[in-house]
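Novice: My questions all concern the structure below.
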Amino acid sequence: MWPTAPCQTWRRLDDTSWNGTRVTRVRDPQEALLLHRWDVTPAEARALQLEWRARLERRHRIGRIRRVAGADVAFDSGQAIAGIVLFSYPDWKELECAAARRPLTFPYVPGLLSFREIPAILAALAGLREVPDVIFCDGQGYAHPRRFGLACHLGVLLDLPTIGCAKSRLIGEYREPGPQAGAWTPLLHQGERIGAVLRTRAGARPMYISCGHRVSLERAVELVMESCDGPRVPRPTRRADRYVAECKRAARPVSRTHSETL
């Protein structure tokens with residue numbers, strides 16, 4: 001198991017506000033892990049999703065954005081390897097990386113990936129020296145059968161803004177967006193808009209963007225497009241994917257700070 005040093009800044013109070021709304025305290029990742037059980041059956045996990053969905057905020061409520069993180073998870077020999085890459089905003093300079101390896105305690109069940117991945121993600125987040133203001137997650141947010149994908153689950157646990165950035169569709173129907181970068185169409189399910197089908201690069205296959213927590217869909221699309229620097233996948237989750245692949249090849253986490261290149 002890779003150790004992660006506790007990050008004292010997770011316990012800070014954020015006194016910023018957005019449109020007169022005070023931004024609440026961000027929970028410590030280790031505290032967030034204890035908010036509900038993880039040793040549950042798939043049926044119990046679905047019930048927890050429905051219970052915690054009541055705490056989800058889909059309206060835009062972010063203070064000043066200074067730090068943005070990307071999160072991704074890989075798997076190796078019965079373990080989950082989570083990687084977090086932190087960027088400054090709005091210049092998107094890479095600041096630091098943190099990783100954690102944790103034993104898998106939940107099976108692969110479509111729609112329940114957060115129970116398999118979030119314990120490792122929280123452990124990796126605890127290793128950051130700075131608190132992100134927004135987290136891009138490699139997975140679904142509100143575009144989920146129970147409207148509570150990984151990005152929603154992580155955001156509610158931390159009370160931190162999150163965005164779901166998926167490379168494939170889980171549910172929903174849509175019209176193909178225009179071929180130009182930035183074109184998007186609504187992702188619909190049972191008459192409800194659950195996400196955006198976004199062309200992040202001209203002519204490329206679209207990404208499936210959805211709200212996680214405390215971010216509106218329109219702002220999520222804007223932030224994703226701001227982060228795109230050529231490739232189809234947004235920079236935060238793309239870099240996190242590369243980072244966890246590197247950590248998977250290594251016997252220990254590969255830590256980086258001060259904008260070193262992955």
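If you're wondering about the labels, chains in the structure tokens are A, B, ... by order shown, residues count from 1 in each chain, ligands from 1 in order shown.
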Using DSSP on the backbone coordinates, identify the residues of range 28-246 of chain A assigned to helix (DSSP H, G or I); present them as an MDAnalysis selection string.
Specialist: chainID A and resid 29:32 42:53 113:125 150:158 217:227 235:246
Novice: Neighbouring residues of range 89-96 of chain A were defined as those with any atom within 12 Å, considering only C-alpha atoms; residues of the same chain fewer than 2 positions away were excluded. Please report them as number ranges by chain.
Specialist: A: 64-70, 83-87, 98-99, 124-125, 127-134, 223-224, 226-229, 234-236, 239-240, 243, 254-262
Novice: For Ile163 in chain A, which residue out of A:Ala196, A:Cys211, A:Ala204, A:Ala126 is the nearest one, using only C-alpha atoms?
Specialist: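 That would be A:Cys211, the residue with the smallest distance to Ile163 in chain A.
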Novice: Can you tell me which residues surround Ala151 in chain A at a distance of at most 12 Å, considering only C-alpha atoms, apart from same-chain residues fewer than 5 positions away, and format the answer as number ranges by chain?
Specialist: A: 53, 56-58, 70-72, 112-115, 117-118, 121, 134-144, 156-166, 209-215, 220
Novice: Mind writing the picked residues with N, CA and C atoms as a compact mmCIF listing (two decimals), in the first residue's frame?
Specialist:
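So selection_36.txt came out as:
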```
# COMPACT_ATOMS: atom_id res chain seq x y z
N ARG A 53 -28.15 10.85 -3.51
CA ARG A 53 -28.55 11.73 -4.62
C ARG A 53 -29.34 12.93 -4.11
N LEU A 56 -27.32 16.09 -3.85
CA LEU A 56 -26.66 16.57 -5.06
C LEU A 56 -27.13 17.98 -5.41
N GLU A 57 -26.19 18.84 -5.80
CA GLU A 57 -26.51 20.18 -6.28
C GLU A 57 -26.10 20.29 -7.74
N ARG A 58 -27.06 20.62 -8.60
CA ARG A 58 -26.76 20.76 -10.02
C ARG A 58 -26.71 22.22 -10.46
N GLY A 70 -7.54 16.59 -12.23
CA GLY A 70 -8.07 15.48 -13.00
C GLY A 70 -7.85 14.19 -12.24
N ALA A 71 -8.85 13.30 -12.24
CA ALA A 71 -8.76 12.03 -11.50
C ALA A 71 -9.02 10.86 -12.43
N ASP A 72 -8.24 9.80 -12.27
CA ASP A 72 -8.44 8.58 -13.05
C ASP A 72 -7.99 7.39 -12.21
N LEU A 112 -22.15 1.09 -10.94
CA LEU A 112 -21.72 1.15 -9.54
C LEU A 112 -20.20 1.32 -9.43
N LEU A 113 -19.60 1.91 -10.46
CA LEU A 113 -18.14 2.01 -10.48
C LEU A 113 -17.60 2.90 -9.36
N SER A 114 -18.40 3.83 -8.86
CA SER A 114 -17.90 4.70 -7.80
C SER A 114 -17.53 3.92 -6.55
N PHE A 115 -18.24 2.83 -6.27
CA PHE A 115 -17.94 2.03 -5.08
C PHE A 115 -16.63 1.26 -5.26
N GLU A 117 -14.03 2.58 -7.20
CA GLU A 117 -12.93 3.50 -7.47
C GLU A 117 -12.73 4.60 -6.45
N ILE A 118 -13.81 5.07 -5.82
CA ILE A 118 -13.68 6.27 -4.97
C ILE A 118 -12.77 6.08 -3.76
N ILE A 121 -9.45 6.97 -5.00
CA ILE A 121 -9.39 8.38 -5.40
C ILE A 121 -9.25 9.27 -4.17
N VAL A 134 -12.09 22.45 -8.46
CA VAL A 134 -12.94 21.63 -9.32
C VAL A 134 -12.17 20.36 -9.65
N ILE A 135 -12.88 19.22 -9.73
CA ILE A 135 -12.25 17.96 -10.13
C ILE A 135 -12.93 17.43 -11.39
N PHE A 136 -12.15 17.16 -12.42
CA PHE A 136 -12.62 16.47 -13.61
C PHE A 136 -12.47 14.97 -13.35
N CYS A 137 -13.56 14.22 -13.49
CA CYS A 137 -13.53 12.78 -13.25
C CYS A 137 -13.64 12.02 -14.57
N ASP A 138 -12.86 10.97 -14.71
CA ASP A 138 -12.95 10.12 -15.88
C ASP A 138 -14.12 9.16 -15.66
N GLY A 139 -15.31 9.60 -15.99
CA GLY A 139 -16.50 8.78 -15.78
C GLY A 139 -17.75 9.63 -15.86
N GLN A 140 -18.87 9.01 -15.51
CA GLN A 140 -20.16 9.69 -15.59
C GLN A 140 -20.43 10.53 -14.34
N GLY A 141 -21.26 11.55 -14.54
CA GLY A 141 -21.80 12.30 -13.42
C GLY A 141 -23.29 12.05 -13.35
N TYR A 142 -24.07 13.06 -13.74
CA TYR A 142 -25.54 12.93 -13.71
C TYR A 142 -26.06 12.03 -14.82
N ALA A 143 -25.28 11.78 -15.85
CA ALA A 143 -25.69 10.93 -16.97
C ALA A 143 -25.58 9.46 -16.57
N HIS A 144 -26.46 9.05 -15.70
CA HIS A 144 -26.36 7.76 -15.01
C HIS A 144 -27.78 7.26 -14.77
N VAL A 156 -20.34 15.00 -3.92
CA VAL A 156 -21.18 15.11 -2.73
C VAL A 156 -20.40 14.72 -1.48
N LEU A 157 -19.59 13.67 -1.55
CA LEU A 157 -18.81 13.27 -0.39
C LEU A 157 -17.87 14.37 0.07
N LEU A 158 -17.23 15.06 -0.89
CA LEU A 158 -16.28 16.11 -0.55
C LEU A 158 -16.93 17.49 -0.43
N ASP A 159 -18.18 17.61 -0.90
CA ASP A 159 -18.85 18.90 -1.07
C ASP A 159 -17.96 19.83 -1.91
N LEU A 160 -17.51 19.29 -3.04
CA LEU A 160 -16.58 19.97 -3.93
C LEU A 160 -17.10 19.89 -5.35
N PRO A 161 -17.00 20.95 -6.15
CA PRO A 161 -17.47 20.89 -7.54
C PRO A 161 -16.74 19.82 -8.36
N THR A 162 -17.52 19.06 -9.12
CA THR A 162 -16.96 17.99 -9.94
C THR A 162 -17.67 17.96 -11.29
N ILE A 163 -16.97 17.40 -12.29
CA ILE A 163 -17.50 17.27 -13.65
C ILE A 163 -17.24 15.85 -14.14
N GLY A 164 -18.25 15.23 -14.73
CA GLY A 164 -18.08 13.91 -15.33
C GLY A 164 -17.66 14.05 -16.78
N CYS A 165 -16.54 13.43 -17.14
CA CYS A 165 -16.00 13.48 -18.51
C CYS A 165 -15.82 12.05 -18.99
N ALA A 166 -16.82 11.53 -19.70
CA ALA A 166 -16.80 10.12 -20.13
C ALA A 166 -16.49 10.02 -21.61
N ILE A 209 -20.28 14.75 -21.45
CA ILE A 209 -20.03 15.61 -20.29
C ILE A 209 -21.31 15.71 -19.46
N SER A 210 -21.19 15.59 -18.15
CA SER A 210 -22.36 15.76 -17.28
C SER A 210 -21.96 16.40 -15.97
N CYS A 211 -22.93 17.02 -15.33
CA CYS A 211 -22.70 17.65 -14.03
C CYS A 211 -22.28 16.58 -13.02
N GLY A 212 -21.37 16.96 -12.15
CA GLY A 212 -21.07 16.14 -10.99
C GLY A 212 -21.81 16.74 -9.81
N HIS A 213 -21.22 17.76 -9.22
CA HIS A 213 -21.81 18.43 -8.04
C HIS A 213 -21.42 19.90 -8.09
N ARG A 214 -22.39 20.79 -7.85
CA ARG A 214 -22.17 22.23 -7.73
C ARG A 214 -21.62 22.87 -9.01
N VAL A 215 -21.87 22.26 -10.18
CA VAL A 215 -21.48 22.83 -11.47
C VAL A 215 -22.65 22.69 -12.43
N ALA A 220 -19.86 23.42 -17.05
CA ALA A 220 -19.04 22.23 -17.22
C ALA A 220 -18.51 22.15 -18.65
```
Novice: Taking only C-alpha atoms into account, which of A:Ile62, A:Ala43, A:Ala82, A:Leu48 comes nearest Ser216 in chain A?
Specialist: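 Residue with the minimum atom-to-atom distance to Ser216 in chain A: A:Ile62.
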Novice: Within 6 Å of range 186-191 of chain A, which residues of range 75-177 of chain A show up? Give each one with its shortest atom-to-atom distance in Å (one decimal) and the two atoms involved, counting only C-alpha atoms, rows by chain then rising residue number, as a tab-separated table.
Specialist:
```
residue	atom	partner	partner_atom	distance
A:Gly172	CA	A:His189	CA	4.5
A:Glu173	CA	A:Leu188	CA	5.3
A:Tyr174	CA	A:Leu187	CA	5.1
```
Novice: Selection from above, N, CA and C atoms, as an mmCIF file, in the first residue's frame, can you write it?
Specialist:
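Output below, filename again03.cif:
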```
data_model
loop_
_atom_site.group_PDB
_atom_site.id
_atom_site.type_symbol
_atom_site.label_atom_id
_atom_site.label_comp_id
_atom_site.auth_asym_id
_atom_site.auth_seq_id
_atom_site.Cartn_x
_atom_site.Cartn_y
_atom_site.Cartn_z
ATOM 1 N N GLY A 172 -28.933 7.188 -22.573
ATOM 2 C CA GLY A 172 -29.397 8.413 -23.203
ATOM 3 C C GLY A 172 -29.366 8.385 -24.716
ATOM 4 N N GLU A 173 -30.093 9.334 -25.305
ATOM 5 C CA GLU A 173 -30.154 9.504 -26.743
ATOM 6 C C GLU A 173 -29.747 10.936 -27.085
ATOM 7 N N TYR A 174 -29.271 11.129 -28.330
ATOM 8 C CA TYR A 174 -28.829 12.466 -28.715
ATOM 9 C C TYR A 174 -28.743 12.589 -30.234
#
```
Novice: Hey, what's within 9 Å of Gln30 in chain A if we count only C-alpha atoms and toss same-chain stuff fewer than 2 positions away? As a PyMOL selection string, please?
Specialist: chain A and resi 6+27-28+32-34+122-123+126
Novice: Keeping only N, CA and C atoms, write the selected residues to a file as a compact mmCIF listing (two decimals), in the first residue's frame.
Specialist:
```txt
# COMPACT_ATOMS: atom_id res chain seq x y z
N PRO A 6 -1.07 13.27 5.00
CA PRO A 6 -2.30 14.07 5.13
C PRO A 6 -2.08 15.49 4.65
N ARG A 27 -14.74 18.96 2.57
CA ARG A 27 -14.42 17.90 3.53
C ARG A 27 -13.05 17.30 3.25
N ASP A 28 -12.37 16.90 4.31
CA ASP A 28 -11.13 16.15 4.19
C ASP A 28 -11.44 14.80 3.53
N ALA A 32 -14.31 12.10 4.39
CA ALA A 32 -15.35 11.75 3.42
C ALA A 32 -15.50 10.24 3.28
N LEU A 33 -14.40 9.52 3.39
CA LEU A 33 -14.45 8.06 3.24
C LEU A 33 -15.32 7.41 4.31
N LEU A 34 -15.49 8.07 5.44
CA LEU A 34 -16.21 7.49 6.57
C LEU A 34 -17.70 7.86 6.58
N LEU A 122 -10.04 8.98 -3.13
CA LEU A 122 -9.96 9.79 -1.91
C LEU A 122 -8.58 9.67 -1.27
N ALA A 123 -8.00 8.48 -1.30
CA ALA A 123 -6.65 8.30 -0.74
C ALA A 123 -5.62 9.11 -1.53
N ALA A 126 -5.93 12.86 -0.76
CA ALA A 126 -5.36 13.20 0.55
C ALA A 126 -3.88 13.51 0.45
```
Novice: List every residue of range 30-245 of chain A that DSSP, applied to the backbone of this structure, places in strand (DSSP E), and write the result as number ranges by chain.
Specialist: A: 67-76, 79-88, 94-103, 134-137, 162-166, 184-189, 192-198, 207-213
Novice: Could those residues be written to a file, using C-alpha atoms, as a short mmCIF file (atom, residue, chain, number, x, y, z; two decimals), in the first residue's frame?
Specialist:
```
data_model
loop_
_atom_site.label_atom_id
_atom_site.label_comp_id
_atom_site.auth_asym_id
_atom_site.auth_seq_id
_atom_site.Cartn_x
_atom_site.Cartn_y
_atom_site.Cartn_z
CA ARG A 67 -6.82 24.96 -9.03
CA VAL A 68 -8.34 22.22 -11.19
CA ALA A 69 -7.62 18.50 -10.78
CA GLY A 70 -8.07 15.48 -13.00
CA ALA A 71 -8.76 12.03 -11.50
CA ASP A 72 -8.44 8.58 -13.05
CA VAL A 73 -8.15 4.98 -11.85
CA ALA A 74 -6.41 1.88 -13.23
CA PHE A 75 -6.49 -1.69 -11.94
CA ASP A 76 -3.70 -4.17 -11.29
CA GLN A 79 -5.90 -3.37 -6.60
CA ALA A 80 -7.13 0.06 -7.69
CA ILE A 81 -4.49 2.66 -8.58
CA ALA A 82 -5.82 6.22 -8.42
CA GLY A 83 -3.97 9.21 -9.77
CA ILE A 84 -4.66 12.92 -9.33
CA VAL A 85 -3.00 15.66 -11.39
CA LEU A 86 -3.42 19.25 -10.20
CA PHE A 87 -3.30 22.28 -12.51
CA SER A 88 -3.33 26.02 -12.01
CA GLU A 94 0.74 21.26 -14.06
CA LEU A 95 1.53 21.72 -10.36
CA GLU A 96 1.64 18.32 -8.66
CA CYS A 97 0.54 14.70 -8.81
CA ALA A 98 -0.53 12.27 -6.12
CA ALA A 99 -1.34 8.57 -6.30
CA ALA A 100 -2.65 5.79 -4.07
CA ARG A 101 -3.01 2.03 -4.42
CA ARG A 102 -5.82 0.31 -2.54
CA PRO A 103 -7.19 -3.28 -2.53
CA VAL A 134 -12.94 21.63 -9.32
CA ILE A 135 -12.25 17.96 -10.13
CA PHE A 136 -12.62 16.47 -13.61
CA CYS A 137 -13.53 12.78 -13.25
CA THR A 162 -16.96 17.99 -9.94
CA ILE A 163 -17.50 17.27 -13.65
CA GLY A 164 -18.08 13.91 -15.33
CA CYS A 165 -16.00 13.48 -18.51
CA ALA A 166 -16.80 10.12 -20.13
CA TRP A 184 -22.64 20.09 -28.49
CA THR A 185 -26.13 18.67 -28.25
CA PRO A 186 -28.16 17.59 -25.20
CA LEU A 187 -27.95 14.02 -23.95
CA LEU A 188 -31.52 13.03 -23.09
CA HIS A 189 -33.00 10.18 -21.06
CA GLU A 192 -34.69 14.80 -19.12
CA ARG A 193 -31.47 16.51 -20.15
CA ILE A 194 -28.80 14.54 -18.33
CA GLY A 195 -25.64 15.75 -20.05
CA ALA A 196 -23.97 17.15 -23.16
CA VAL A 197 -22.50 15.36 -26.17
CA LEU A 198 -19.51 17.61 -26.83
CA MET A 207 -17.09 13.31 -25.23
CA TYR A 208 -20.05 12.80 -22.85
CA ILE A 209 -20.03 15.61 -20.29
CA SER A 210 -22.36 15.76 -17.28
CA CYS A 211 -22.70 17.65 -14.03
CA GLY A 212 -21.07 16.14 -10.99
CA HIS A 213 -21.81 18.43 -8.04
#
```
Novice: Which is closer to Thr105 in chain A than all the others in A:Leu150, A:Val221, A:Val40, A:Val244, using only C-alpha atoms?
Specialist: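 Closest to Thr105 in chain A of all the choices is A:Val40.
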Novice: In Å, how far is it from CA of Pro107 in chain A to CA of Thr41 in chain A?
Specialist: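 About the pair CA of Pro107 in chain A and CA of Thr41 in chain A: they are 9.2 Å apart.
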Novice: Could you tell me how far CA of Pro110 in chain A sits from CA of Gly182 in chain A, in Å to one decimal place?
Specialist: 29.0 Å
Novice: Could you tell me how far CA of Gly111 in chain A lies from CA of Ile171 in chain A, in Å and to one decimal?
Specialist: 10.1 Å
